[in-house]
Every structure is written in structure tokens, then in C-alpha cells.
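Printed here is structure-v9.tsv (TSV, C-alpha atoms):
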```tsv
chain	number	residue	atom	x	y	z
A	9	MET	CA	0.00	0.00	0.00
A	10	THR	CA	1.42	3.40	-0.90
A	11	LEU	CA	1.27	6.27	1.55
A	12	MET	CA	-1.17	8.99	0.54
A	13	PRO	CA	-0.25	12.57	1.41
A	14	PRO	CA	-1.91	13.38	4.73
A	15	ALA	CA	-5.05	15.47	4.49
A	16	LEU	CA	-6.53	17.20	7.49
A	17	ARG	CA	-10.22	16.92	6.62
A	18	PRO	CA	-12.20	13.87	5.58
A	19	HIS	CA	-13.19	13.99	1.91
A	20	PHE	CA	-14.23	11.73	-0.95
A	21	SER	CA	-12.63	11.21	-4.35
A	22	TYR	CA	-12.88	8.79	-7.26
A	23	ALA	CA	-9.08	8.43	-7.20
A	24	GLY	CA	-9.63	7.16	-3.64
A	25	LEU	CA	-12.06	4.54	-4.92
A	26	ARG	CA	-9.38	3.17	-7.24
A	27	HIS	CA	-6.73	3.35	-4.52
A	28	GLY	CA	-9.03	1.44	-2.14
A	29	ALA	CA	-9.75	-1.23	-4.74
A	30	ARG	CA	-6.02	-1.82	-5.17
A	31	ALA	CA	-5.35	-1.77	-1.42
A	32	ALA	CA	-7.95	-4.53	-0.98
A	33	LEU	CA	-5.77	-7.09	-2.78
A	34	PRO	CA	-4.25	-8.75	0.34
A	35	ALA	CA	-7.78	-9.52	1.56
A	36	PHE	CA	-8.67	-11.41	-1.64
A	37	PRO	CA	-7.26	-14.84	-0.60
A	38	GLY	CA	-9.33	-14.90	2.58
A	39	PHE	CA	-12.49	-13.75	0.82
A	40	ILE	CA	-12.05	-16.24	-1.99
A	41	MET	CA	-11.49	-19.21	0.33
A	42	PHE	CA	-14.40	-18.31	2.59
A	43	ALA	CA	-16.85	-17.57	-0.24
A	44	LEU	CA	-15.89	-20.77	-2.07
A	45	ALA	CA	-16.49	-22.72	1.14
A	46	PHE	CA	-19.83	-20.98	1.68
A	47	GLY	CA	-21.02	-21.52	-1.91
A	48	THR	CA	-20.09	-25.19	-1.69
A	49	ALA	CA	-21.74	-25.70	1.70
A	50	ALA	CA	-24.92	-23.94	0.53
A	51	ALA	CA	-25.17	-26.14	-2.57
A	52	GLN	CA	-24.64	-29.28	-0.45
A	53	LYS	CA	-27.32	-28.10	1.97
A	54	GLY	CA	-29.77	-27.86	-0.94
A	55	LEU	CA	-30.15	-24.08	-1.21
A	56	SER	CA	-31.05	-22.68	-4.62
A	57	LEU	CA	-28.56	-20.49	-6.48
A	58	GLY	CA	-30.82	-17.49	-5.83
A	59	GLU	CA	-30.89	-18.12	-2.07
A	60	THR	CA	-27.12	-18.63	-1.96
A	61	LEU	CA	-26.32	-15.47	-3.93
A	62	GLY	CA	-28.99	-13.56	-1.97
A	63	LEU	CA	-27.26	-14.42	1.30
A	64	SER	CA	-23.86	-13.39	-0.05
A	65	ALA	CA	-25.12	-10.19	-1.68
A	66	PHE	CA	-27.33	-8.85	1.10
A	67	VAL	CA	-26.24	-10.39	4.40
A	68	TYR	CA	-22.58	-10.30	3.25
A	69	ALA	CA	-21.09	-11.53	6.52
A	70	GLY	CA	-19.30	-14.87	6.23
A	71	ALA	CA	-19.54	-16.27	9.73
A	72	SER	CA	-23.26	-15.53	10.04
A	73	GLN	CA	-23.94	-16.96	6.58
A	74	MET	CA	-22.22	-20.22	7.59
A	75	VAL	CA	-24.08	-20.40	10.89
A	76	GLY	CA	-27.28	-19.51	9.02
A	77	LEU	CA	-26.86	-22.61	6.87
A	78	GLU	CA	-26.94	-24.73	10.03
A	79	ILE	CA	-30.45	-23.54	10.83
A	80	TRP	CA	-31.68	-23.15	7.23
A	81	GLN	CA	-35.18	-24.60	6.66
A	82	GLN	CA	-37.04	-26.06	3.72
A	83	ALA	CA	-40.32	-24.75	5.13
A	84	TRP	CA	-40.03	-21.69	7.37
A	85	THR	CA	-42.15	-20.85	10.41
A	86	PRO	CA	-42.26	-17.58	12.38
A	87	THR	CA	-40.18	-19.28	15.09
A	88	THR	CA	-37.40	-20.41	12.75
A	89	ILE	CA	-37.27	-16.96	11.11
A	90	LEU	CA	-36.92	-15.39	14.56
A	91	THR	CA	-34.21	-17.93	15.45
A	92	ILE	CA	-32.09	-17.24	12.37
A	93	MET	CA	-32.52	-13.50	12.97
A	94	THR	CA	-31.35	-13.75	16.58
A	95	VAL	CA	-28.39	-15.98	15.79
A	96	THR	CA	-27.34	-13.64	12.96
A	97	ALA	CA	-27.50	-10.65	15.30
A	98	VAL	CA	-25.38	-12.43	17.92
A	99	VAL	CA	-22.72	-13.46	15.40
A	100	ASN	CA	-22.58	-10.01	13.80
A	101	ALA	CA	-22.76	-7.91	16.98
A	102	ARG	CA	-18.97	-7.49	16.75
A	103	MET	CA	-19.56	-5.17	13.77
A	104	ILE	CA	-20.91	-2.55	16.19
A	105	MET	CA	-17.31	-2.06	17.35
A	106	LEU	CA	-16.02	-1.62	13.80
A	107	GLY	CA	-18.59	1.08	13.10
A	108	ALA	CA	-17.75	2.90	16.34
A	109	THR	CA	-14.14	3.40	15.24
A	110	LEU	CA	-15.21	4.69	11.80
A	111	GLN	CA	-17.64	7.35	13.05
A	112	PRO	CA	-15.16	10.27	13.32
A	113	TRP	CA	-14.05	9.63	9.73
A	114	LEU	CA	-17.58	9.38	8.31
A	115	LYS	CA	-19.41	12.07	10.28
A	116	HIS	CA	-19.43	14.71	7.51
A	117	GLU	CA	-20.31	12.28	4.74
A	118	PRO	CA	-23.70	12.39	2.98
A	119	LEU	CA	-26.06	9.89	4.59
A	120	PRO	CA	-26.73	7.66	1.53
A	121	ARG	CA	-23.01	7.16	0.94
A	122	THR	CA	-22.42	6.31	4.59
A	123	ALA	CA	-25.33	3.87	4.46
A	124	LEU	CA	-23.71	2.17	1.44
A	125	ASN	CA	-20.27	2.19	3.07
A	126	LEU	CA	-21.67	0.58	6.22
A	127	PHE	CA	-23.83	-1.89	4.29
A	128	LEU	CA	-20.55	-3.14	2.77
A	129	LEU	CA	-18.64	-3.05	6.07
A	130	THR	CA	-16.45	-6.11	6.74
A	131	GLU	CA	-13.54	-6.73	9.07
A	132	ALA	CA	-11.07	-6.97	6.20
A	133	GLY	CA	-12.24	-3.74	4.55
A	134	TRP	CA	-12.31	-2.01	7.91
A	135	LEU	CA	-8.74	-3.19	8.64
A	136	ILE	CA	-7.43	-1.81	5.35
A	137	GLY	CA	-9.34	1.44	5.85
A	138	THR	CA	-8.11	1.75	9.44
A	139	ARG	CA	-4.50	1.30	8.35
A	140	TYR	CA	-4.93	3.99	5.68
A	141	HIS	CA	-6.59	6.31	8.22
A	142	ASN	CA	-3.79	5.71	10.76
A	143	GLU	CA	-1.24	6.70	8.13
A	144	GLY	CA	-2.99	10.05	7.79
A	145	GLY	CA	-5.34	9.32	4.88
A	146	ARG	CA	-8.85	10.77	5.11
A	147	ASP	CA	-10.32	9.96	1.68
A	148	VAL	CA	-13.56	8.04	2.33
A	149	GLY	CA	-13.34	6.84	-1.28
A	150	VAL	CA	-10.58	4.45	-0.19
A	151	LEU	CA	-12.89	2.77	2.31
A	152	LEU	CA	-15.71	2.51	-0.23
A	153	GLY	CA	-13.48	1.37	-3.11
A	154	CYS	CA	-12.06	-1.38	-0.94
A	155	ALA	CA	-15.55	-2.41	0.22
A	156	LEU	CA	-17.00	-2.48	-3.31
A	157	ILE	CA	-14.27	-4.67	-4.79
A	158	LEU	CA	-14.40	-7.07	-1.84
A	159	TRP	CA	-18.18	-7.37	-2.25
A	160	LEU	CA	-17.75	-8.24	-5.94
A	161	VAL	CA	-15.07	-10.83	-5.12
A	162	TRP	CA	-17.34	-12.32	-2.45
A	163	LEU	CA	-20.34	-12.58	-4.78
A	164	ALA	CA	-18.37	-13.95	-7.75
A	165	THR	CA	-16.58	-16.61	-5.67
A	166	THR	CA	-19.84	-17.63	-3.96
A	167	PHE	CA	-21.14	-18.33	-7.48
A	168	VAL	CA	-18.04	-20.38	-8.35
A	169	GLY	CA	-18.21	-22.29	-5.06
A	170	PHE	CA	-21.88	-23.15	-5.65
A	171	PHE	CA	-21.04	-24.98	-8.89
A	172	ALA	CA	-17.40	-25.97	-8.55
A	173	GLY	CA	-16.84	-26.46	-4.83
A	174	ALA	CA	-15.76	-30.07	-5.29
A	175	LEU	CA	-12.91	-28.93	-7.54
A	176	VAL	CA	-11.29	-26.79	-4.83
A	177	PRO	CA	-8.15	-28.52	-3.47
A	178	GLU	CA	-7.83	-29.39	0.21
A	179	PRO	CA	-7.47	-25.87	1.70
A	180	LYS	CA	-5.69	-27.11	4.82
A	181	ARG	CA	-2.69	-28.30	2.81
A	182	PHE	CA	-1.85	-24.72	1.82
A	183	GLY	CA	-2.65	-23.22	5.20
A	184	LEU	CA	-5.68	-21.52	3.69
A	185	ASP	CA	-7.98	-22.39	6.58
A	186	LEU	CA	-6.05	-19.83	8.64
A	187	VAL	CA	-5.77	-17.18	5.92
A	188	MET	CA	-8.07	-14.73	7.71
A	189	PRO	CA	-6.37	-14.85	11.16
A	190	ILE	CA	-2.95	-14.49	9.51
A	191	PHE	CA	-4.12	-11.54	7.42
A	192	PHE	CA	-5.50	-9.92	10.59
A	193	GLY	CA	-2.18	-10.50	12.36
A	194	VAL	CA	-0.29	-8.87	9.48
A	195	MET	CA	-2.55	-5.82	9.68
A	196	LEU	CA	-1.77	-5.50	13.39
A	197	VAL	CA	1.81	-4.44	12.56
A	198	PRO	CA	1.02	-0.98	11.11
A	199	LEU	CA	-1.17	-0.28	14.16
A	200	TRP	CA	1.81	-0.79	16.48
A	201	LYS	CA	2.83	2.50	18.13
A	202	GLY	CA	5.01	1.09	20.92
A	203	ALA	CA	4.44	-1.15	23.93
A	204	LYS	CA	2.41	1.26	26.09
A	205	PRO	CA	-0.39	2.00	23.59
A	206	ALA	CA	-0.56	-1.78	23.02
A	207	LEU	CA	-1.26	-2.61	26.68
A	208	PRO	CA	-5.05	-2.56	26.06
A	209	TRP	CA	-4.52	-5.13	23.29
A	210	LEU	CA	-3.07	-7.45	25.92
A	211	ALA	CA	-6.21	-7.04	28.02
A	212	ALA	CA	-8.31	-7.73	24.93
A	213	GLY	CA	-6.35	-10.89	24.13
A	214	VAL	CA	-6.49	-12.27	27.66
A	215	VAL	CA	-10.23	-11.60	28.06
A	216	SER	CA	-11.03	-13.11	24.65
A	217	LEU	CA	-9.13	-16.29	25.57
A	218	ILE	CA	-10.95	-16.59	28.89
A	219	VAL	CA	-14.39	-15.97	27.34
A	220	HIS	CA	-13.62	-18.33	24.46
A	221	ALA	CA	-12.73	-21.08	26.94
A	222	MET	CA	-15.92	-20.57	28.96
A	223	VAL	CA	-18.68	-19.48	26.53
A	224	PRO	CA	-19.50	-21.14	23.20
A	225	GLY	CA	-20.00	-18.99	20.10
A	226	TYR	CA	-18.47	-15.71	19.04
A	227	LEU	CA	-18.95	-13.71	22.24
A	228	PHE	CA	-15.18	-13.73	22.82
A	229	ILE	CA	-14.62	-11.15	20.06
A	230	ILE	CA	-16.90	-8.48	21.47
A	231	ALA	CA	-15.91	-9.24	25.09
A	232	GLY	CA	-12.21	-8.91	24.25
A	233	ALA	CA	-12.74	-5.73	22.23
A	234	LEU	CA	-14.71	-4.14	25.07
A	235	ALA	CA	-11.98	-5.12	27.56
A	236	GLY	CA	-9.46	-3.36	25.30
A	237	VAL	CA	-11.57	-0.18	25.22
A	238	VAL	CA	-11.98	-0.16	29.00
A	239	ALA	CA	-8.24	-0.74	29.48
A	240	GLY	CA	-7.52	2.09	27.03
A	241	MET	CA	-9.81	4.44	28.96
A	242	LEU	CA	-8.23	3.56	32.31
A	243	LEU	CA	-4.59	3.81	31.19
A	244	GLU	CA	-3.26	7.35	31.00
B	20	MET	CA	-52.75	-22.65	8.63
B	21	ASN	CA	-53.36	-18.91	8.49
B	22	GLY	CA	-52.31	-16.68	5.59
B	23	PHE	CA	-48.98	-15.57	7.04
B	24	GLY	CA	-48.05	-19.10	8.12
B	25	SER	CA	-48.64	-20.56	4.66
B	26	PHE	CA	-46.86	-17.59	3.06
B	27	ILE	CA	-43.62	-18.15	4.97
B	28	ALA	CA	-43.88	-21.93	4.57
B	29	SER	CA	-43.72	-21.30	0.79
B	30	PRO	CA	-40.44	-20.46	-1.00
B	31	TRP	CA	-41.14	-16.84	0.02
B	32	GLY	CA	-40.02	-17.90	3.49
B	33	SER	CA	-36.42	-18.02	2.26
B	34	VAL	CA	-36.74	-14.47	0.94
B	35	LEU	CA	-38.10	-13.39	4.32
B	36	ALA	CA	-35.25	-15.21	6.14
B	37	ILE	CA	-32.62	-13.48	3.98
B	38	ALA	CA	-34.37	-10.14	4.50
B	39	ALA	CA	-34.44	-10.69	8.28
B	40	MET	CA	-30.74	-11.62	8.36
B	41	THR	CA	-29.92	-8.60	6.16
B	42	LEU	CA	-31.87	-6.26	8.43
B	43	VAL	CA	-30.23	-7.31	11.71
B	44	THR	CA	-26.77	-7.37	10.11
B	45	PHE	CA	-27.26	-3.86	8.73
B	46	LEU	CA	-28.41	-2.70	12.18
B	47	CYS	CA	-25.16	-4.11	13.64
B	48	ARG	CA	-23.19	-2.36	10.90
B	49	ILE	CA	-24.72	1.08	11.55
B	50	ALA	CA	-25.17	0.86	15.34
B	51	GLY	CA	-21.58	1.84	16.19
B	52	VAL	CA	-21.73	4.96	14.01
B	53	VAL	CA	-25.18	5.94	15.31
B	54	VAL	CA	-24.18	5.53	18.96
B	55	MET	CA	-20.84	7.32	18.61
B	56	SER	CA	-22.45	10.27	16.81
B	57	ARG	CA	-24.57	10.79	19.93
B	58	VAL	CA	-21.74	10.45	22.47
B	59	ARG	CA	-19.54	13.44	23.34
B	60	ILE	CA	-15.98	12.31	22.63
B	61	THR	CA	-14.05	13.13	25.81
B	62	PRO	CA	-10.27	12.50	25.95
B	63	ARG	CA	-10.99	9.34	27.94
B	64	ILE	CA	-13.41	7.98	25.34
B	65	GLU	CA	-10.92	8.91	22.64
B	66	ARG	CA	-8.23	6.84	24.37
B	67	GLY	CA	-10.62	3.90	24.54
B	68	LEU	CA	-11.50	4.23	20.85
B	69	ARG	CA	-7.84	4.43	19.91
B	70	ALA	CA	-7.24	1.08	21.64
B	71	LEU	CA	-10.18	-0.50	19.79
B	72	PRO	CA	-8.74	-1.56	16.39
B	73	GLY	CA	-5.81	-3.52	17.85
B	74	SER	CA	-8.08	-4.95	20.55
B	75	ILE	CA	-10.59	-6.20	17.96
B	76	ILE	CA	-7.80	-7.88	15.99
B	77	LEU	CA	-6.27	-9.63	19.00
B	78	ALA	CA	-9.66	-10.67	20.39
B	79	THR	CA	-10.56	-12.13	16.98
B	80	ILE	CA	-7.40	-14.04	16.15
B	81	LEU	CA	-5.85	-15.12	19.46
B	82	PRO	CA	-8.39	-17.83	20.41
B	83	VAL	CA	-8.50	-19.13	16.80
B	84	VAL	CA	-4.72	-19.33	16.49
B	85	ILE	CA	-4.25	-21.00	19.87
B	86	ASP	CA	-7.00	-23.53	19.04
B	87	ASN	CA	-4.94	-24.49	15.98
B	88	GLY	CA	-1.83	-25.25	18.03
B	89	TRP	CA	1.83	-24.36	17.72
B	90	PRO	CA	2.04	-24.52	13.86
B	91	ALA	CA	-0.50	-21.69	13.73
B	92	VAL	CA	1.36	-19.71	16.42
B	93	ILE	CA	4.66	-20.02	14.51
B	94	ALA	CA	2.98	-19.14	11.19
B	95	LEU	CA	1.41	-16.04	12.75
B	96	ALA	CA	4.77	-15.00	14.25
B	97	ALA	CA	6.47	-15.47	10.85
B	98	ALA	CA	3.79	-13.37	9.15
B	99	ILE	CA	4.15	-10.56	11.71
B	100	ILE	CA	7.96	-10.55	11.45
B	101	ALA	CA	7.84	-10.49	7.63
B	102	MET	CA	5.36	-7.61	7.75
B	103	ALA	CA	7.43	-5.69	10.33
B	104	VAL	CA	10.54	-6.03	8.16
B	105	THR	CA	9.06	-5.38	4.70
B	106	ARG	CA	5.90	-3.36	5.54
B	107	ILE	CA	4.27	-5.05	2.53
B	108	ASP	CA	1.03	-6.72	3.61
B	109	ILE	CA	0.95	-9.35	0.86
B	110	VAL	CA	4.52	-10.44	1.75
B	111	GLY	CA	3.50	-10.93	5.38
B	112	LEU	CA	0.44	-12.94	4.34
B	113	ILE	CA	2.35	-15.22	1.96
B	114	THR	CA	5.13	-15.77	4.53
B	115	GLY	CA	2.57	-16.82	7.15
B	116	LEU	CA	0.66	-19.15	4.84
B	117	GLY	CA	3.90	-20.63	3.43
B	118	THR	CA	5.25	-21.28	6.92
B	119	LEU	CA	2.04	-23.03	7.89
B	120	ALA	CA	2.03	-25.16	4.73
B	121	VAL	CA	5.67	-26.19	5.26
B	122	ILE	CA	5.14	-27.11	8.93
B	123	ARG	CA	2.06	-29.15	8.05
B	124	ALA	CA	3.84	-30.90	5.18
B	125	PHE	CA	6.73	-32.03	7.38
B	126	GLY	CA	5.12	-32.08	10.83
```
Show me, as C-alpha cells, the structure contained in the file I just sent.
Amino acid sequence: MTLMPPALRPHFSYAGLRHGARAALPAFPGFIMFALAFGTAAAQKGLSLGETLGLSAFVYAGASQMVGLEIWQQAWTPTTILTIMTVTAVVNARMIMLGATLQPWLKHEPLPRTALNLFLLTEAGWLIGTRYHNEGGRDVGVLLGCALILWLVWLATTFVGFFAGALVPEPKRFGLDLVMPIFFGVMLVPLWKGAKPALPWLAAGVVSLIVHAMVPGYLFIIAGALAGVVAGMLLE
Amino acid sequence: MNGFGSFIASPWGSVLAIAAMTLVTFLCRIAGVVVMSRVRITPRIERGLRALPGSIILATILPVVIDNGWPAVIALAAAIIAMAVTRIDIVGLITGLGTLAVIRAFG
């Protein structure tokens, strides 16, 4: 990723869109592996192509789509709809934290564009945008460009996975099952500003491990993130 | 069965399920921005927010990596070192994945 000249005020440009689309490249492997796996699993579960693409296009949140498949029904009832809604909300609650960090950057944006930007919000796009923001960039186009290209990759590879999932080689052999955690770890490096500002991260890590060991599901992410915020507020 | 019950038992039920999942996910996506636009950002809150990105990353990856044992820990360390040295994200990613593949091939 190239460094953009620092700008003091948030703004939006079409050059930023292109820059964001290019900056999204390192997130492609993770998106491709996950969307292939989702498309394949959805086809095996008996979902139609329309249902599978609908989930990827509109819900657009990998973990909740996978969990959604577990409770997918042939014939829906009000109870099962409510169940899938609740489970989706629980799995995706961590996104609240992502949005909270973006608010200062987006506060002067026109509402429809912010709605689109947030509709396309993912951890990977947020990570790339956060890195760019930390390096002084303020062009919201970068965030949106990154989000748009990742959405297209997600949708296209869901389609491929639906028809050609069986052709995908054993992902574990190439370490691809851990592609997302490793990408996240890589993106931690540019956030490093010395040991003291990273003390809250330690709190976040410890709390997430404890919660993960004690509570099933994805609660450990939001619990750890909140612990990091509280630690950050308490440390001078 | 009443009208609504037979409607969602039809293929339209899937459309409704996707719409319901989309709605709650979008609410999660916008909630952080909506809440923070109504909170006065004091220096203390700003410090907390500044700690958030790194905290989210660690809270997300640490349990997953430890669940996958020492090959995953070494691969993550290799990825971080490669990124710290080169500052090129794709180099860090490939180093991590390559390390993991090599350990699994010989381990």
C-alpha cells in the first residue's frame, strides 16, 4: 500500500475509490477461500442459487452466513425466522465495534453514501481502511473502493463455489484455513505505536481467551474488544 | 394454517429469512456509528477508541490461532515478522501461509 499525502479533513474522491480497490488485494485470498467454502456448503445443503447469492449479496457476513446454513429450513415458520434473525444478530454484533471506530471519519459524509459504506462493512475492509486512516489518509473513497471490490469478489466466488466447490483442493494443505487470522495478524503491525499503547490489546487478548474457553459462540470477540476499550480508557 | 403461516412456509419464506438476516446485520453495521455520533468524545473515550482496532484484531485471532496449536502460532509470528521487516502486507500474508504449509507438510 502506498502512503497517501496526509489530508486534514475527511473527503471523498474517485481516485480514492481506485486506490481502495487496489489496497484490498491482500484480503482477496481470505475472501475467496471463505466464499468458495460458503457456496459449496450452501449447494450441499440444498439451497437454490438465488438463495445462496442472496445471502452473499445482502447479508454479506461470512460467519453468520455459515451459521445460518446450520439452521436453514425447507419450510419456514415464524419461530425459525426469529431464530435465524437472533443468531445472525449475535454473530454479527462485533460489527458494532467496527462502526464505532469509523464514526469520526464518516461524520461529515452524505447519509446515503455512509449507508452504502456501512452496508458493505467487513472486518477486512475495515482493517485496510483503518490502516490507511492511521497513516494520515482521510479519503472516504478508499474505504468505499475497498468495500465495493471485496463485495464483488465475495459474490463472484460464492457463485463459483456453488457450482465448482468439489474442484477446490484441500485448503488445509496450503494453510488456507487460517488465511483470515494471519491476514488480521499482518494488519496488526502498522497499528503498532510502541508497547504502552498496546497494553489494552493485551487485556483484549487475555479476556477473549478466557471468554472463548468458557462461553460457546463468538462472544469472545466483542468481550475482548470491550476489555481493550476499557483498558484504554483507564490507562493514561 | 393462516395466511402468514402458509406464506412463509412457501419459497417466500427463504426471501423473508434473507431479508431478516440482512436487516439485523445492517443494524449491527450502523449501530456503532449511530451511537458514537450521539456520544460526546471526551479525551478518555478517545483513548478507549484508539485502543479498539488492535483490541478487535487480537480478540478475533488469538483464540482461533491457539486452538490451531503451535504450527498456527509459529505461522502467525512469521507473518508478523515479515510484515514488520518489509511493511508489505501481501509479503506478510504469503510468509505466514507458506510457513504453515511447510510445517504441516513435514510435521
Practice task
Between A:Val197, A:Trp209, A:Met103, A:Gly202, single out the one closest to Ile100 in chain B, counting all atoms listed in the file.
Solution key: A:Val197
Within 9 Å of range 50-68 of chain A: each range 32-113 of chain B residue with its shortest pair, only C-alpha atoms, as a tab-separated table:
```
residue	atom	partner	partner_atom	distance
B:Ser33	CA	A:Glu59	CA	7.0
B:Val34	CA	A:Glu59	CA	7.5
B:Ile37	CA	A:Leu63	CA	6.1
B:Ala38	CA	A:Phe66	CA	7.9
B:Met40	CA	A:Val67	CA	6.1
B:Thr41	CA	A:Val67	CA	4.5
B:Leu42	CA	A:Val67	CA	8.1
B:Val43	CA	A:Val67	CA	8.9
B:Thr44	CA	A:Val67	CA	6.5
B:Phe45	CA	A:Val67	CA	7.9
```
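Compared by their closest atoms to chain A, and using all atoms listed in the file, the residues B:Ile85, B:Ile93, B:Ile60, B:Ala120 rank with B:Ala120 nearest.
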Exercise for the section: Rank B:Leu119, B:Trp31, B:Asn21, B:Ala101 by their smallest atom-to-atom distance to chain A, using only C-alpha atoms, and report the top residue only. Expected result: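 Closest to chain A of all the choices is B:Leu119.
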Could you build a table of the residues in chain B lying no more than 6 Å from chain A, giving for each the nearest pair of atoms and their separation in Å rounded to one decimal place, using all atoms listed in the file, ordered by chain and ascending residue number, as JSON lines?
```
{"residue": "B:Ile27", "atom": "CA", "partner": "A:Trp84", "partner_atom": "CA", "distance": 5.6}
{"residue": "B:Ala28", "atom": "CA", "partner": "A:Ala83", "partner_atom": "CA", "distance": 4.6}
{"residue": "B:Gly32", "atom": "CA", "partner": "A:Trp84", "partner_atom": "CA", "distance": 5.4}
{"residue": "B:Ala36", "atom": "CA", "partner": "A:Ile89", "partner_atom": "CA", "distance": 5.6}
{"residue": "B:Ala39", "atom": "CA", "partner": "A:Met93", "partner_atom": "CA", "distance": 5.8}
{"residue": "B:Met40", "atom": "CA", "partner": "A:Met93", "partner_atom": "CA", "distance": 5.3}
{"residue": "B:Thr41", "atom": "CA", "partner": "A:Val67", "partner_atom": "CA", "distance": 4.5}
{"residue": "B:Val43", "atom": "CA", "partner": "A:Ala97", "partner_atom": "CA", "distance": 5.6}
{"residue": "B:Phe45", "atom": "CA", "partner": "A:Phe127", "partner_atom": "CA", "distance": 5.9}
{"residue": "B:Cys47", "atom": "CA", "partner": "A:Ile104", "partner_atom": "CA", "distance": 5.2}
{"residue": "B:Arg48", "atom": "CA", "partner": "A:Met103", "partner_atom": "CA", "distance": 5.4}
{"residue": "B:Ala50", "atom": "CA", "partner": "A:Ile104", "partner_atom": "CA", "distance": 5.5}
{"residue": "B:Gly51", "atom": "CA", "partner": "A:Ala108", "partner_atom": "CA", "distance": 4.0}
{"residue": "B:Val52", "atom": "CA", "partner": "A:Gln111", "partner_atom": "CA", "distance": 4.8}
{"residue": "B:Met55", "atom": "CA", "partner": "A:Ala108", "partner_atom": "CA", "distance": 5.9}
{"residue": "B:Arg63", "atom": "CA", "partner": "A:Met241", "partner_atom": "CA", "distance": 5.1}
{"residue": "B:Arg66", "atom": "CA", "partner": "A:Met241", "partner_atom": "CA", "distance": 5.4}
{"residue": "B:Gly67", "atom": "CA", "partner": "A:Val237", "partner_atom": "CA", "distance": 4.2}
{"residue": "B:Ala70", "atom": "CA", "partner": "A:Gly240", "partner_atom": "CA", "distance": 5.5}
{"residue": "B:Leu71", "atom": "CA", "partner": "A:Val237", "partner_atom": "CA", "distance": 5.6}
{"residue": "B:Gly73", "atom": "CA", "partner": "A:Trp209", "partner_atom": "CA", "distance": 5.8}
{"residue": "B:Ser74", "atom": "CA", "partner": "A:Trp209", "partner_atom": "CA", "distance": 4.5}
{"residue": "B:Ile75", "atom": "CA", "partner": "A:Ala233", "partner_atom": "CA", "distance": 4.8}
{"residue": "B:Leu77", "atom": "CA", "partner": "A:Gly213", "partner_atom": "CA", "distance": 5.3}
{"residue": "B:Ala78", "atom": "CA", "partner": "A:Gly232", "partner_atom": "CA", "distance": 4.9}
{"residue": "B:Thr79", "atom": "CA", "partner": "A:Ile229", "partner_atom": "CA", "distance": 5.2}
{"residue": "B:Ile80", "atom": "CA", "partner": "A:Pro189", "partner_atom": "CA", "distance": 5.2}
{"residue": "B:Pro82", "atom": "CA", "partner": "A:Leu217", "partner_atom": "CA", "distance": 5.4}
{"residue": "B:Leu95", "atom": "CA", "partner": "A:Ile190", "partner_atom": "CA", "distance": 5.6}
{"residue": "B:Ile99", "atom": "CA", "partner": "A:Val194", "partner_atom": "CA", "distance": 5.2}
{"residue": "B:Ile109", "atom": "CA", "partner": "A:Pro34", "partner_atom": "CA", "distance": 5.3}
{"residue": "B:Gly111", "atom": "CA", "partner": "A:Val194", "partner_atom": "CA", "distance": 6.0}
{"residue": "B:Leu112", "atom": "CA", "partner": "A:Phe191", "partner_atom": "CA", "distance": 5.7}
{"residue": "B:Leu116", "atom": "CA", "partner": "A:Gly183", "partner_atom": "CA", "distance": 5.3}
{"residue": "B:Leu119", "atom": "CA", "partner": "A:Gly183", "partner_atom": "CA", "distance": 5.4}
{"residue": "B:Ala120", "atom": "CA", "partner": "A:Phe182", "partner_atom": "CA", "distance": 4.9}
```
Practice task
Could you jot down the CA of Leu151 in chain A to CA of Gly137 in chain A separation for me, Å, one decimal place?
Solution key: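 Going from CA of Leu151 in chain A over to CA of Gly137 in chain A covers 5.2 Å.
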